[in-house]
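Visitor: This is the content of upload06.txt (compact mmCIF, C-alpha atoms):
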# COMPACT_ATOMS: atom_id res chain seq x y z
CA MET A 1 18.78 -15.89 6.25
CA SER A 2 20.08 -14.84 2.84
CA ALA A 3 23.00 -12.46 2.39
CA GLY A 4 22.55 -8.95 1.12
CA PRO A 5 20.07 -6.21 1.89
CA HIS A 6 16.33 -6.86 1.86
CA TRP A 7 13.26 -4.83 2.74
CA TYR A 8 11.68 -5.41 6.14
CA VAL A 9 8.51 -4.05 7.72
CA VAL A 10 8.47 -1.73 10.72
CA HIS A 11 5.24 -1.37 12.72
CA THR A 12 5.02 2.18 14.07
CA GLN A 13 3.18 3.75 16.95
CA PRO A 14 -0.20 5.29 16.00
CA HIS A 15 0.21 8.40 13.81
CA ASN A 16 4.01 8.27 14.20
CA GLU A 17 5.10 7.00 10.77
CA GLY A 18 6.92 10.27 10.04
CA ARG A 19 8.62 10.34 13.43
CA ALA A 20 9.79 6.73 13.03
CA GLU A 21 11.04 7.50 9.51
CA GLU A 22 13.01 10.52 10.73
CA HIS A 23 14.65 8.70 13.64
CA LEU A 24 15.52 5.64 11.55
CA ARG A 25 17.18 7.89 8.95
CA ARG A 26 19.18 9.55 11.75
CA GLN A 27 20.53 6.08 12.52
CA SER A 28 21.57 5.77 8.84
CA PHE A 29 18.94 3.22 7.88
CA ALA A 30 17.46 3.36 4.35
CA VAL A 31 13.73 3.88 4.90
CA TYR A 32 10.74 3.91 2.57
CA LEU A 33 7.43 5.35 3.73
CA PRO A 34 5.04 5.27 0.76
CA ARG A 35 2.53 8.14 0.78
CA TYR A 36 -0.44 9.14 -1.31
CA LEU A 37 -2.51 12.31 -1.63
CA ARG A 38 -6.05 12.29 -0.29
CA GLN A 39 -8.80 14.87 -0.29
CA ARG A 40 -9.94 15.70 3.23
CA ARG A 41 -13.16 17.54 4.01
CA HIS A 42 -13.67 19.27 7.31
CA ALA A 43 -15.97 22.10 8.38
CA ARG A 44 -17.00 22.92 4.81
CA LYS A 45 -13.37 23.10 3.72
CA SER A 46 -11.62 20.71 1.41
CA GLU A 47 -7.87 20.22 1.25
CA ILE A 48 -5.40 17.74 -0.22
CA VAL A 49 -3.25 16.04 2.42
CA SER A 50 -0.43 13.50 2.36
CA ARG A 51 -1.21 10.19 4.06
CA PRO A 52 0.80 6.98 4.59
CA LEU A 53 -0.22 4.29 2.12
CA PHE A 54 -0.05 1.72 4.94
CA PRO A 55 -0.98 3.43 8.21
CA ARG A 56 1.38 2.38 11.04
CA TYR A 57 3.83 0.65 8.68
CA LEU A 58 6.97 1.55 6.76
CA PHE A 59 9.83 -0.35 5.10
CA VAL A 60 13.50 -0.43 6.12
CA LEU A 61 16.36 -1.85 4.01
CA LEU A 62 18.60 -4.12 6.07
CA ASP A 63 21.44 -6.55 5.67
CA LEU A 64 20.94 -8.74 8.74
CA THR A 65 24.54 -9.96 8.62
CA LYS A 66 25.96 -6.40 8.83
CA ASP A 67 23.37 -3.96 10.17
CA ARG A 68 22.67 -3.45 13.87
CA TRP A 69 18.96 -3.98 13.30
CA ARG A 70 17.99 -4.64 16.93
CA SER A 71 18.27 -0.89 17.63
CA ILE A 72 15.14 -0.41 15.49
CA GLN A 73 13.04 -1.89 18.30
CA SER A 74 13.87 1.05 20.61
CA THR A 75 13.64 3.85 18.03
CA PHE A 76 11.28 6.78 18.70
CA GLY A 77 8.00 6.24 16.83
CA VAL A 78 8.59 2.51 16.30
CA SER A 79 6.38 -0.09 17.95
CA HIS A 80 8.40 -3.07 16.67
CA LEU A 81 10.09 -4.68 13.69
CA VAL A 82 7.80 -7.35 12.22
CA THR A 83 9.42 -10.73 12.90
CA ALA A 84 8.91 -14.44 12.45
CA GLY A 85 10.17 -15.80 15.76
CA ASP A 86 13.46 -14.05 16.50
CA GLU A 87 14.26 -13.07 12.91
CA PRO A 88 12.85 -10.06 11.03
CA LEU A 89 10.46 -11.06 8.25
CA HIS A 90 11.61 -9.74 4.88
CA VAL A 91 9.33 -8.49 2.12
CA PRO A 92 9.97 -9.62 -1.47
CA ASP A 93 11.85 -6.83 -3.30
CA ARG A 94 9.22 -6.78 -6.04
CA VAL A 95 6.59 -5.55 -3.57
CA VAL A 96 8.51 -2.33 -2.86
CA GLU A 97 9.46 -2.02 -6.56
CA GLU A 98 5.77 -2.24 -7.59
CA ILE A 99 4.78 0.44 -5.07
CA ARG A 100 7.61 2.73 -6.23
CA ALA A 101 6.60 2.16 -9.87
CA ARG A 102 3.22 3.77 -9.05
CA GLU A 103 4.80 6.99 -7.74
CA ASP A 104 4.32 10.26 -9.58
CA SER A 105 7.05 12.87 -10.14
CA GLU A 106 6.56 14.21 -6.59
CA GLY A 107 6.95 10.77 -4.99
CA TYR A 108 3.29 10.14 -4.17
CA VAL A 109 1.80 6.72 -4.93
CA GLN A 110 -0.98 6.94 -7.49
CA LEU A 111 -3.92 4.80 -6.52
CA GLY A 112 -6.03 3.36 -9.26
CA LEU A 113 -6.62 0.39 -11.46
CA PRO A 114 -3.89 -2.23 -11.82
CA ALA A 115 -1.63 -1.78 -14.85
CA GLY A 116 -3.23 -2.97 -18.08
CA VAL A 117 -6.79 -3.02 -16.70
CA GLY A 118 -9.37 -0.98 -18.56
CA PRO A 119 -12.88 -1.19 -20.01
CA GLY A 120 -13.54 -4.72 -21.26
CA SER A 121 -10.96 -6.33 -18.95
CA GLN A 122 -11.80 -9.42 -16.94
CA ILE A 123 -11.52 -8.44 -13.26
CA ARG A 124 -12.05 -9.86 -9.78
CA LEU A 125 -13.49 -7.87 -6.89
CA LEU A 126 -11.15 -7.85 -3.90
CA ASP A 127 -13.51 -6.82 -1.11
CA GLY A 128 -17.04 -5.79 -0.22
CA VAL A 129 -20.30 -7.67 -0.64
CA PHE A 130 -19.18 -9.16 -3.96
CA ALA A 131 -15.63 -10.09 -2.87
CA ASP A 132 -14.04 -12.76 -5.12
CA SER A 133 -16.72 -12.29 -7.79
CA LYS A 134 -15.44 -12.12 -11.35
CA GLY A 135 -16.79 -9.76 -13.93
CA VAL A 136 -16.03 -7.35 -16.75
CA LEU A 137 -14.97 -3.76 -16.21
CA GLU A 138 -17.63 -1.84 -18.11
CA ARG A 139 -16.47 1.75 -17.63
CA ILE A 140 -14.58 4.11 -15.37
CA SER A 141 -17.17 6.26 -13.67
CA ASP A 142 -14.79 8.80 -12.10
CA GLU A 143 -11.40 8.77 -10.38
CA ARG A 144 -12.86 6.78 -7.48
CA ARG A 145 -15.49 4.41 -8.91
CA VAL A 146 -15.87 1.96 -11.77
CA ALA A 147 -18.86 0.14 -13.25
CA VAL A 148 -18.50 -3.64 -13.30
CA LEU A 149 -20.79 -6.18 -14.97
CA LEU A 150 -21.33 -9.27 -12.82
CA GLN A 151 -23.32 -12.44 -13.51
CA LEU A 152 -25.82 -12.61 -10.65
CA LEU A 153 -28.99 -14.67 -10.44
CA GLY A 154 -28.70 -15.71 -14.06
CA ARG A 155 -28.40 -12.22 -15.52
CA GLU A 156 -25.83 -9.50 -15.99
CA VAL A 157 -25.94 -6.84 -13.28
CA ARG A 158 -24.07 -3.53 -13.23
CA VAL A 159 -22.50 -2.60 -9.88
CA PHE A 160 -20.43 0.45 -8.99
CA VAL A 161 -17.40 -0.24 -6.79
CA PRO A 162 -14.36 1.72 -5.59
CA VAL A 163 -11.33 1.55 -7.91
CA THR A 164 -9.37 0.04 -5.04
CA SER A 165 -11.69 -2.99 -4.98
CA VAL A 166 -10.70 -4.12 -8.49
CA GLY A 167 -8.03 -6.73 -9.10
CA VAL A 168 -6.85 -8.76 -12.06
CA ALA A 169 -8.99 -11.87 -12.67
The structure given in the file should be rewritten as structure tokens.

Guide:
Amino acid sequence: MSAGPHWYVVHTQPHNEGRAEEHLRRQSFAVYLPRYLRQRRHARKSEIVSRPLFPRYLFVLLDLTKDRWRSIQSTFGVSHLVTAGDEPLHVPDRVVEEIRAREDSEGYVQLGLPAGVGPGSQIRLLDGVFADSKGVLERISDERRVAVLLQLLGREVRVFVPVTSVGVA
């Protein structure tokens, strides 16, 4: 266990990320619940709503040598603190820093292509039927999809995939 504060992961009860965040803050813990904006359609209506980036998870900043972190386990909205054995499992600081770097002026995480990736970039698909395939980003179709050129069956094939499926090669 290293000295100093680190980020740890809290697993929340279903749909209780906000409640867990509120009650942890009341206990004076530094909490980070990354959110993004999503368009929701229901009954012919469309609205923009805030959603947790990682449903049922949030981050808490703890110094295990000073903080009374065991109280987190019994906090309203919390299911448990993610642990490895008896010790909480810390997240590398850069993970939280990278998420925060994607926030807009209102604090919402902007989803999209990884930094520096654009048309002509070598990419790797992260999920779906073509997971782990490498290709070239041909063009950005809209805010949700991109066209990727893959080598399949000895020829170049264009596939459209969600922006979230694209990673750096």

Visitor: Hey, can you check how far atom CA of A:Gly107 sits from atom CA of A:Leu53?

Guide: 12.0 Å

Visitor: Write out as a PyMOL selection string the residues lying within 8 Å of stretch 56-67 of chain A, counting only C-alpha atoms and excluding same-chain residues fewer than 3 positions away.

Guide: chain A and resi 1+3-17+21+29-34+52

Visitor: Would you pick out the contacts of A:Pro162 at 9 Å or less, using all atoms listed in the file, so that residues sharing its chain but fewer than 3 positions from it are not included, and give the list as a count of residues only?

Guide: 5

Visitor: Name the residues in contact with A:Arg100 at a cut-off of 10 Å, using only C-alpha atoms, excluding same-chain residues fewer than 4 positions from it; report them as a PDB file with C-alpha atoms, keeping the file's coordinate frame.

Guide:
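Full text of result.pdb as output:
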ATOM      1  CA  TYR A  32      10.740   3.910   2.570  1.00  0.00           C
ATOM      2  CA  PRO A  34       5.040   5.270   0.760  1.00  0.00           C
ATOM      3  CA  ARG A  94       9.220  -6.780  -6.040  1.00  0.00           C
ATOM      4  CA  VAL A  95       6.590  -5.550  -3.570  1.00  0.00           C
ATOM      5  CA  VAL A  96       8.510  -2.330  -2.860  1.00  0.00           C
ATOM      6  CA  ASP A 104       4.320  10.260  -9.580  1.00  0.00           C
ATOM      7  CA  GLY A 107       6.950  10.770  -4.990  1.00  0.00           C
ATOM      8  CA  TYR A 108       3.290  10.140  -4.170  1.00  0.00           C
ATOM      9  CA  VAL A 109       1.800   6.720  -4.930  1.00  0.00           C
ATOM     10  CA  GLN A 110      -0.980   6.940  -7.490  1.00  0.00           C
TER      11      GLN A 110
END

Visitor: Report the centre and edge lengths, in Å to one decimal, of an axis-aligned box enclosing every atom of stretch 64-70 of chain A listed in the file, padded by 3 Å on each side, as JSON.

Guide:
{"center_x": 22.0, "center_y": -6.7, "center_z": 12.8, "size_x": 14.0, "size_y": 12.5, "size_z": 14.3}

Visitor: Using only C-alpha atoms, which protein or nucleic acid residues come within 8 Å of A:Leu150? Drop anything in the same chain fewer than 4 positions from it, and give the result as a PyMOL selection string.

Guide: chain A and resi 133-136+156-159

Visitor: Would you work out the distance separating atom CA of A:Ala147 from atom CA of A:Phe54, expressed in Å to one decimal?

Guide: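 Going from atom CA of A:Ala147 over to atom CA of A:Phe54 covers 26.2 Å.
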
Visitor: Which value, in Å to one decimal, gives the distance between atom CA of A:Leu125 and atom CA of A:Arg102?

Guide: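 It comes out at 20.5 Å.
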